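Raw work-v9.tsv, TSV, C-alpha atoms:
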```
chain	number	residue	atom	x	y	z
T	1231	MET	CA	5.56	38.88	-32.09
T	1232	ARG	CA	8.97	37.28	-32.49
T	1233	ARG	CA	9.56	37.53	-28.74
T	1234	TYR	CA	6.22	35.83	-28.04
T	1235	TYR	CA	7.13	33.07	-30.50
T	1236	CYS	CA	10.46	32.52	-28.76
T	1237	TYR	CA	8.77	32.33	-25.37
T	1238	ALA	CA	6.29	29.82	-26.76
T	1239	LEU	CA	9.10	27.65	-28.12
T	1240	LEU	CA	10.96	27.81	-24.82
T	1241	GLY	CA	7.80	26.83	-22.96
T	1242	LEU	CA	7.19	23.92	-25.30
T	1243	ALA	CA	10.79	22.76	-24.98
T	1244	PHE	CA	10.55	22.91	-21.20
T	1245	PHE	CA	7.32	20.90	-21.21
T	1246	CYS	CA	8.79	18.29	-23.56
T	1247	SER	CA	11.90	17.97	-21.42
T	1248	LEU	CA	9.74	17.23	-18.38
T	1249	TYR	CA	7.68	14.66	-20.27
T	1250	LEU	CA	10.70	12.96	-21.78
T	1251	SER	CA	12.44	12.94	-18.42
T	1252	ALA	CA	9.46	11.25	-16.78
T	1253	SER	CA	9.16	8.75	-19.62
T	1254	ALA	CA	12.85	7.96	-19.47
T	1255	VAL	CA	12.71	7.30	-15.73
T	1256	VAL	CA	9.63	5.10	-16.09
T	1257	ALA	CA	11.20	3.11	-18.89
T	1258	HIS	CA	14.44	2.66	-17.02
T	1259	PRO	CA	14.73	-1.07	-16.30
T	1260	ILE	CA	16.74	-0.54	-13.12
T	1261	LEU	CA	13.97	1.50	-11.49
T	1262	LYS	CA	11.28	-1.02	-12.43
T	1263	GLU	CA	13.52	-3.86	-11.30
T	1264	TYR	CA	14.03	-2.13	-7.95
T	1265	ILE	CA	10.28	-1.69	-7.38
T	1266	ILE	CA	9.47	-5.28	-8.31
T	1267	GLU	CA	12.33	-6.66	-6.22
T	1268	TYR	CA	11.29	-4.55	-3.23
T	1269	ASN	CA	7.66	-5.65	-3.55
T	1270	LEU	CA	8.45	-9.36	-3.77
T	1271	GLU	CA	10.83	-9.14	-0.83
T	1272	ALA	CA	8.25	-7.24	1.23
T	1273	LEU	CA	5.57	-9.78	0.30
T	1274	GLY	CA	7.74	-12.68	1.44
T	1275	LYS	CA	8.53	-10.89	4.69
T	1276	SER	CA	4.84	-10.17	5.37
T	1277	LEU	CA	3.99	-13.86	5.06
T	1278	LYS	CA	6.62	-14.69	7.67
T	1279	ASP	CA	5.83	-11.98	10.23
T	1280	ASP	CA	2.01	-12.14	9.88
T	1281	SER	CA	1.73	-8.63	8.44
T	1282	TYR	CA	0.29	-10.02	5.17
T	1283	ARG	CA	-3.05	-8.38	4.37
T	1284	GLY	CA	-3.94	-9.80	0.97
T	1285	GLU	CA	-1.29	-8.13	-1.18
T	1286	GLU	CA	-0.14	-10.12	-4.21
T	1287	GLY	CA	1.98	-10.03	-7.34
T	1288	ILE	CA	4.89	-7.91	-8.46
T	1289	LEU	CA	2.87	-4.82	-7.54
T	1290	ARG	CA	2.16	-6.17	-4.04
T	1291	ILE	CA	-1.32	-4.66	-3.95
T	1292	LYS	CA	-4.53	-5.59	-2.19
T	1293	PRO	CA	-7.44	-6.79	-4.33
T	1294	GLU	CA	-9.56	-3.68	-3.83
T	1295	ILE	CA	-6.64	-1.44	-4.88
T	1296	ALA	CA	-6.04	-3.68	-7.90
T	1297	ASN	CA	-9.65	-3.30	-8.99
T	1298	GLU	CA	-9.39	0.48	-8.67
T	1299	LEU	CA	-6.32	0.43	-10.92
T	1300	GLY	CA	-8.08	-1.66	-13.56
T	1301	ILE	CA	-6.67	-5.06	-12.58
T	1302	LYS	CA	-9.20	-7.85	-12.08
T	1303	ALA	CA	-8.68	-9.24	-8.58
T	1304	PHE	CA	-10.50	-11.95	-6.66
T	1305	ILE	CA	-12.35	-11.08	-3.43
T	1306	ASP	CA	-14.37	-13.57	-1.40
T	1307	GLU	CA	-16.09	-13.73	1.99
T	1308	ASP	CA	-12.95	-14.95	3.75
T	1309	TYR	CA	-11.11	-11.84	2.61
T	1310	LYS	CA	-13.95	-9.55	3.70
T	1311	ASP	CA	-14.19	-11.33	7.06
T	1312	SER	CA	-10.45	-10.97	7.60
T	1313	ILE	CA	-10.66	-7.19	7.11
T	1314	ARG	CA	-13.48	-6.98	9.65
T	1315	LEU	CA	-11.64	-9.17	12.16
T	1316	PHE	CA	-8.40	-7.20	11.86
T	1317	LYS	CA	-10.32	-3.99	12.55
T	1318	GLU	CA	-11.94	-5.55	15.62
T	1319	ALA	CA	-8.52	-6.77	16.78
T	1320	ASP	CA	-7.03	-3.29	16.39
T	1321	LYS	CA	-9.88	-1.78	18.43
T	1322	ALA	CA	-9.30	-4.29	21.23
T	1323	LEU	CA	-5.57	-3.55	21.24
T	1324	ALA	CA	-6.27	0.19	21.33
T	1325	LYS	CA	-8.53	-0.31	24.36
T	1326	ALA	CA	-5.84	-2.33	26.12
T	1327	ARG	CA	-3.34	0.46	25.52
T	1328	GLU	CA	-5.78	3.08	26.79
T	1329	HIS	CA	-6.12	1.21	30.07
T	1330	MET	CA	-2.33	0.83	30.30
T	1331	VAL	CA	-1.73	4.59	30.20
T	1332	SER	CA	-4.88	5.71	32.03
T	1333	ARG	CA	-4.34	7.80	35.15
T	1334	LYS	CA	-7.93	7.63	36.31
T	1335	LYS	CA	-8.59	6.03	39.65
T	1336	GLU	CA	-9.68	2.41	39.36
T	1337	LYS	CA	-13.37	1.70	40.01
T	1338	ILE	CA	-12.36	-1.50	41.77
T	1339	SER	CA	-8.99	-3.03	42.53
T	1340	GLY	CA	-7.53	-4.76	39.47
T	1341	TYR	CA	-9.99	-3.08	37.08
T	1342	TYR	CA	-7.31	-1.94	34.63
T	1343	ALA	CA	-5.34	-5.17	34.78
T	1344	LYS	CA	-8.45	-7.19	33.99
T	1345	ASN	CA	-9.46	-4.96	31.08
T	1346	ILE	CA	-5.94	-4.98	29.67
T	1347	ALA	CA	-5.84	-8.78	29.81
T	1348	ASP	CA	-9.37	-9.21	28.40
T	1349	ASN	CA	-8.77	-6.88	25.47
T	1350	PHE	CA	-5.39	-8.38	24.70
T	1351	ILE	CA	-6.97	-11.85	24.59
T	1352	ILE	CA	-9.62	-10.52	22.20
T	1353	TYR	CA	-6.88	-8.95	20.09
T	1354	LYS	CA	-4.96	-12.23	19.83
T	1355	ARG	CA	-8.07	-14.29	19.08
T	1356	LYS	CA	-9.39	-11.91	16.42
T	1357	SER	CA	-5.95	-11.61	14.83
T	1358	LEU	CA	-5.53	-15.38	14.59
T	1359	GLU	CA	-9.02	-15.77	13.09
T	1360	ALA	CA	-8.27	-13.05	10.58
T	1361	GLN	CA	-4.94	-14.61	9.60
T	1362	GLU	CA	-6.56	-18.00	9.13
T	1363	LYS	CA	-9.27	-16.59	6.86
T	1364	LEU	CA	-6.69	-14.58	4.93
T	1365	LEU	CA	-4.56	-17.66	4.28
T	1366	ASN	CA	-7.68	-19.58	3.20
T	1367	TYR	CA	-8.36	-16.75	0.79
T	1368	ARG	CA	-4.81	-16.86	-0.53
T	1369	SER	CA	-4.97	-20.61	-1.09
T	1370	ARG	CA	-7.77	-20.06	-3.63
T	1371	LEU	CA	-5.95	-17.44	-5.68
T	1372	THR	CA	-4.95	-18.44	-9.21
T	1373	PRO	CA	-3.84	-16.53	-12.33
T	1374	GLU	CA	-7.14	-17.50	-13.96
T	1375	ILE	CA	-9.23	-15.49	-11.48
T	1376	ASP	CA	-6.73	-12.84	-10.38
T	1377	GLU	CA	-4.74	-10.65	-12.78
T	1378	ARG	CA	-2.30	-9.60	-10.07
T	1379	PHE	CA	-0.36	-12.70	-11.10
T	1380	ASP	CA	-0.14	-11.53	-14.73
T	1381	ASN	CA	3.21	-9.76	-14.89
T	1382	ASN	CA	2.53	-8.20	-18.30
T	1383	ILE	CA	-0.65	-6.51	-17.08
T	1384	CYS	CA	0.98	-5.46	-13.83
T	1385	GLU	CA	4.05	-3.98	-15.52
T	1386	THR	CA	1.77	-1.90	-17.74
T	1387	ILE	CA	-0.01	-0.58	-14.66
T	1388	LEU	CA	3.31	0.01	-12.93
T	1389	ASP	CA	4.49	2.14	-15.87
T	1390	ARG	CA	1.28	4.16	-15.94
T	1391	VAL	CA	1.05	4.83	-12.21
T	1392	LEU	CA	4.74	5.63	-11.93
T	1393	ARG	CA	4.56	8.01	-14.89
T	1394	GLU	CA	1.55	9.79	-13.37
T	1395	SER	CA	3.27	9.96	-9.99
T	1396	LEU	CA	6.45	11.45	-11.43
T	1397	THR	CA	4.48	13.99	-13.42
T	1398	LYS	CA	2.56	14.98	-10.29
T	1399	ALA	CA	5.87	15.40	-8.46
T	1400	ASP	CA	7.38	17.52	-11.27
T	1401	ASN	CA	9.84	14.68	-11.93
T	1402	ARG	CA	11.30	14.77	-8.43
T	1403	LEU	CA	12.20	11.11	-8.13
T	1404	ARG	CA	11.83	10.78	-4.36
T	1405	ASP	CA	8.42	12.47	-4.26
T	1406	GLY	CA	7.35	10.55	-7.35
T	1407	LEU	CA	8.18	7.25	-5.71
T	1408	GLY	CA	6.31	8.42	-2.62
T	1409	TYR	CA	3.18	9.13	-4.65
T	1410	TYR	CA	3.55	5.78	-6.43
T	1411	TYR	CA	3.80	3.86	-3.16
T	1412	ASN	CA	0.83	5.68	-1.65
T	1413	ILE	CA	-1.37	4.90	-4.65
T	1414	SER	CA	-0.36	1.24	-4.79
T	1415	GLN	CA	-0.87	0.75	-1.05
T	1416	GLY	CA	-4.05	2.78	-0.67
T	1417	ILE	CA	-2.40	5.40	1.54
T	1418	ASP	CA	-3.82	8.92	1.65
T	1419	GLY	CA	-0.77	11.00	0.78
T	1420	LYS	CA	-2.14	13.45	-1.77
T	1421	ALA	CA	-0.76	16.55	-0.08
T	1422	PHE	CA	2.47	15.08	1.27
T	1423	PRO	CA	3.94	12.21	-0.77
T	1424	LEU	CA	6.50	11.18	1.84
T	1425	THR	CA	5.09	9.41	4.89
T	1426	THR	CA	6.39	7.24	7.70
T	1427	GLU	CA	4.88	4.27	5.86
T	1428	ASN	CA	6.75	4.73	2.59
T	1429	ILE	CA	10.08	6.11	3.76
T	1430	ARG	CA	11.84	2.74	3.51
T	1431	PHE	CA	10.55	2.20	-0.02
T	1432	VAL	CA	11.59	5.69	-1.13
```
Translate the structure described by the file into structure tokens.
Amino acid sequence: MRRYYCYALLGLAFFCSLYLSASAVVAHPILKEYIIEYNLEALGKSLKDDSYRGEEGILRIKPEIANELGIKAFIDEDYKDSIRLFKEADKALAKAREHMVSRKKEKISGYYAKNIADNFIIYKRKSLEAQEKLLNYRSRLTPEIDERFDNNICETILDRVLRESLTKADNRLRDGLGYYYNISQGIDGKAFPLTTENIRFV
């Protein structure tokens, strides 16, 4: 009986140490400061290199991800149209690349060159339309209609998601940050927290 009691105490102590460790990491101002600084820098960069896709705030999250996390975020038709146009642009670019690497004999002379050019033009046109709609969407965002600009709310969510991520990773900081990034960016990384998309963040 005494041995069982000792084992129970050891188990409880181990569990508490894990929980306290996770809480301590989450509460650490340097870690939170790093995440926020990284997000704001990445957001600024995305606006310059046209990789912006609707992410906002210190969490740098898209509106649909924000809503899933319990943050009220604004979505309008321009945003929805931009998503559709970007998908169409990506399909056109993929077709152009397929023709570039195809080894099949051309049906007629210049067939591949024409299709590469046509699809690349579609890609550029759709991308520009999508960017324009996305910037129109961004111009209408305000703290009154979008809580991604409320730092207090976002920091609370940051703490919660980071704590859950660290717990899931058994307090392994690198894996925990990987899970956190995947959740905040809508990346499917449930089985493997580290991906090519989050390696720079981690």
Find the residues near Ser1332 of chain T: any atom within 12 Å, counting all atoms listed in the file, skip ones fewer than 4 places away on the same chain, and give them as a PyMOL selection string.
chain T and resi 1325-1328+1336+1341-1343+1345-1346
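Interatomic distance, atom CA of Leu1261 of chain T against atom CA of Leu1289 of chain T: 13.4 Å.
Restricting the calculation to only C-alpha atoms, the smallest distance between Arg1355 of chain T and any of T:Phe1304, T:Tyr1367, T:Phe1316, T:Tyr1264 is found for T:Phe1316.
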Tyr1353 of chain T: which residues within 7 Å, counting only C-alpha atoms, same-chain residues fewer than 3 positions away excluded, as JSON, numbers by chain?
{"T": [1319, 1320, 1322, 1323, 1349, 1350, 1356, 1357]}
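Using only C-alpha atoms for every distance, the candidate list T:Asp1311, T:Glu1318, T:Asp1376, T:Glu1285 yields T:Glu1285 as the residue closest to Ser1414 of chain T.
Closest approach to Glu1394 of chain T among T:Ile1417, T:Leu1364, T:Met1330, T:Leu1407 is made by T:Leu1407 (distances from all atoms listed in the file).
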Work out how far apart atom CA of Ile1305 of chain T and atom CA of Asn1381 of chain T are and give it in Å to one decimal.
19.4 Å
Counting all atoms listed in the file, which of T:Ile1260, T:Tyr1409, T:Asn1297, T:Glu1271 gets nearest to Arg1378 of chain T?
T:Asn1297
Missing atoms in segment 1304-1333 of chain T: fill them in up to N, CA and C atoms and send the result as an mmCIF file, in the frame of the given file.
```
data_model
loop_
_atom_site.group_PDB
_atom_site.id
_atom_site.type_symbol
_atom_site.label_atom_id
_atom_site.label_comp_id
_atom_site.auth_asym_id
_atom_site.auth_seq_id
_atom_site.Cartn_x
_atom_site.Cartn_y
_atom_site.Cartn_z
ATOM 1 N N PHE T 1304 -9.504 -11.100 -7.314
ATOM 2 C CA PHE T 1304 -10.500 -11.950 -6.660
ATOM 3 C C PHE T 1304 -10.710 -11.517 -5.205
ATOM 4 N N ILE T 1305 -11.980 -11.386 -4.822
ATOM 5 C CA ILE T 1305 -12.350 -11.080 -3.430
ATOM 6 C C ILE T 1305 -13.469 -12.030 -3.028
ATOM 7 N N ASP T 1306 -13.313 -12.682 -1.876
ATOM 8 C CA ASP T 1306 -14.370 -13.570 -1.400
ATOM 9 C C ASP T 1306 -14.737 -13.221 0.044
ATOM 10 N N GLU T 1307 -15.617 -14.016 0.637
ATOM 11 C CA GLU T 1307 -16.090 -13.730 1.990
ATOM 12 C C GLU T 1307 -14.983 -13.862 3.026
ATOM 13 N N ASP T 1308 -14.066 -14.801 2.809
ATOM 14 C CA ASP T 1308 -12.950 -14.950 3.750
ATOM 15 C C ASP T 1308 -12.117 -13.676 3.798
ATOM 16 N N TYR T 1309 -11.896 -13.085 2.642
ATOM 17 C CA TYR T 1309 -11.110 -11.840 2.610
ATOM 18 C C TYR T 1309 -11.858 -10.720 3.328
ATOM 19 N N LYS T 1310 -13.149 -10.593 3.052
ATOM 20 C CA LYS T 1310 -13.950 -9.550 3.700
ATOM 21 C C LYS T 1310 -14.003 -9.764 5.211
ATOM 22 N N ASP T 1311 -14.150 -11.029 5.622
ATOM 23 C CA ASP T 1311 -14.190 -11.330 7.060
ATOM 24 C C ASP T 1311 -12.857 -10.987 7.724
ATOM 25 N N SER T 1312 -11.765 -11.244 7.016
ATOM 26 C CA SER T 1312 -10.450 -10.970 7.600
ATOM 27 C C SER T 1312 -10.269 -9.472 7.848
ATOM 28 N N ILE T 1313 -10.750 -8.646 6.931
ATOM 29 C CA ILE T 1313 -10.660 -7.190 7.110
ATOM 30 C C ILE T 1313 -11.432 -6.766 8.355
ATOM 31 N N ARG T 1314 -12.649 -7.309 8.489
ATOM 32 C CA ARG T 1314 -13.480 -6.980 9.650
ATOM 33 C C ARG T 1314 -12.812 -7.431 10.951
ATOM 34 N N LEU T 1315 -12.271 -8.633 10.955
ATOM 35 C CA LEU T 1315 -11.640 -9.170 12.160
ATOM 36 C C LEU T 1315 -10.382 -8.399 12.549
ATOM 37 N N PHE T 1316 -9.601 -7.992 11.559
ATOM 38 C CA PHE T 1316 -8.400 -7.200 11.860
ATOM 39 C C PHE T 1316 -8.780 -5.857 12.473
ATOM 40 N N LYS T 1317 -9.858 -5.257 11.988
ATOM 41 C CA LYS T 1317 -10.320 -3.990 12.550
ATOM 42 C C LYS T 1317 -10.771 -4.172 13.997
ATOM 43 N N GLU T 1318 -11.485 -5.261 14.254
ATOM 44 C CA GLU T 1318 -11.940 -5.550 15.620
ATOM 45 C C GLU T 1318 -10.739 -5.818 16.533
ATOM 46 N N ALA T 1319 -9.734 -6.493 15.997
ATOM 47 C CA ALA T 1319 -8.520 -6.770 16.780
ATOM 48 C C ALA T 1319 -7.800 -5.470 17.120
ATOM 49 N N ASP T 1320 -7.706 -4.581 16.155
ATOM 50 C CA ASP T 1320 -7.030 -3.290 16.390
ATOM 51 C C ASP T 1320 -7.764 -2.466 17.450
ATOM 52 N N LYS T 1321 -9.097 -2.516 17.426
ATOM 53 C CA LYS T 1321 -9.880 -1.780 18.430
ATOM 54 C C LYS T 1321 -9.618 -2.336 19.828
ATOM 55 N N ALA T 1322 -9.554 -3.660 19.930
ATOM 56 C CA ALA T 1322 -9.300 -4.290 21.230
ATOM 57 C C ALA T 1322 -7.906 -3.922 21.738
ATOM 58 N N LEU T 1323 -6.931 -3.908 20.839
ATOM 59 C CA LEU T 1323 -5.570 -3.550 21.240
ATOM 60 C C LEU T 1323 -5.509 -2.087 21.676
ATOM 61 N N ALA T 1324 -6.237 -1.227 20.974
ATOM 62 C CA ALA T 1324 -6.270 0.190 21.330
ATOM 63 C C ALA T 1324 -6.870 0.381 22.726
ATOM 64 N N LYS T 1325 -7.914 -0.388 23.038
ATOM 65 C CA LYS T 1325 -8.530 -0.310 24.360
ATOM 66 C C LYS T 1325 -7.558 -0.763 25.442
ATOM 67 N N ALA T 1326 -6.829 -1.831 25.157
ATOM 68 C CA ALA T 1326 -5.840 -2.330 26.120
ATOM 69 C C ALA T 1326 -4.786 -1.263 26.397
ATOM 70 N N ARG T 1327 -4.345 -0.587 25.358
ATOM 71 C CA ARG T 1327 -3.340 0.460 25.520
ATOM 72 C C ARG T 1327 -3.885 1.655 26.292
ATOM 73 N N GLU T 1328 -5.151 1.974 26.055
ATOM 74 C CA GLU T 1328 -5.780 3.080 26.790
ATOM 75 C C GLU T 1328 -5.769 2.805 28.285
ATOM 76 N N HIS T 1329 -6.102 1.579 28.654
ATOM 77 C CA HIS T 1329 -6.120 1.210 30.070
ATOM 78 C C HIS T 1329 -4.700 1.201 30.654
ATOM 79 N N MET T 1330 -3.717 0.879 29.822
ATOM 80 C CA MET T 1330 -2.330 0.830 30.300
ATOM 81 C C MET T 1330 -1.812 2.211 30.681
ATOM 82 N N VAL T 1331 -2.252 3.232 29.957
ATOM 83 C CA VAL T 1331 -1.730 4.590 30.200
ATOM 84 C C VAL T 1331 -2.708 5.461 30.995
ATOM 85 N N SER T 1332 -3.875 4.917 31.317
ATOM 86 C CA SER T 1332 -4.880 5.710 32.030
ATOM 87 C C SER T 1332 -4.399 6.084 33.435
ATOM 88 N N ARG T 1333 -4.699 7.325 33.814
ATOM 89 C CA ARG T 1333 -4.340 7.800 35.150
ATOM 90 C C ARG T 1333 -5.566 7.959 36.048
#
```
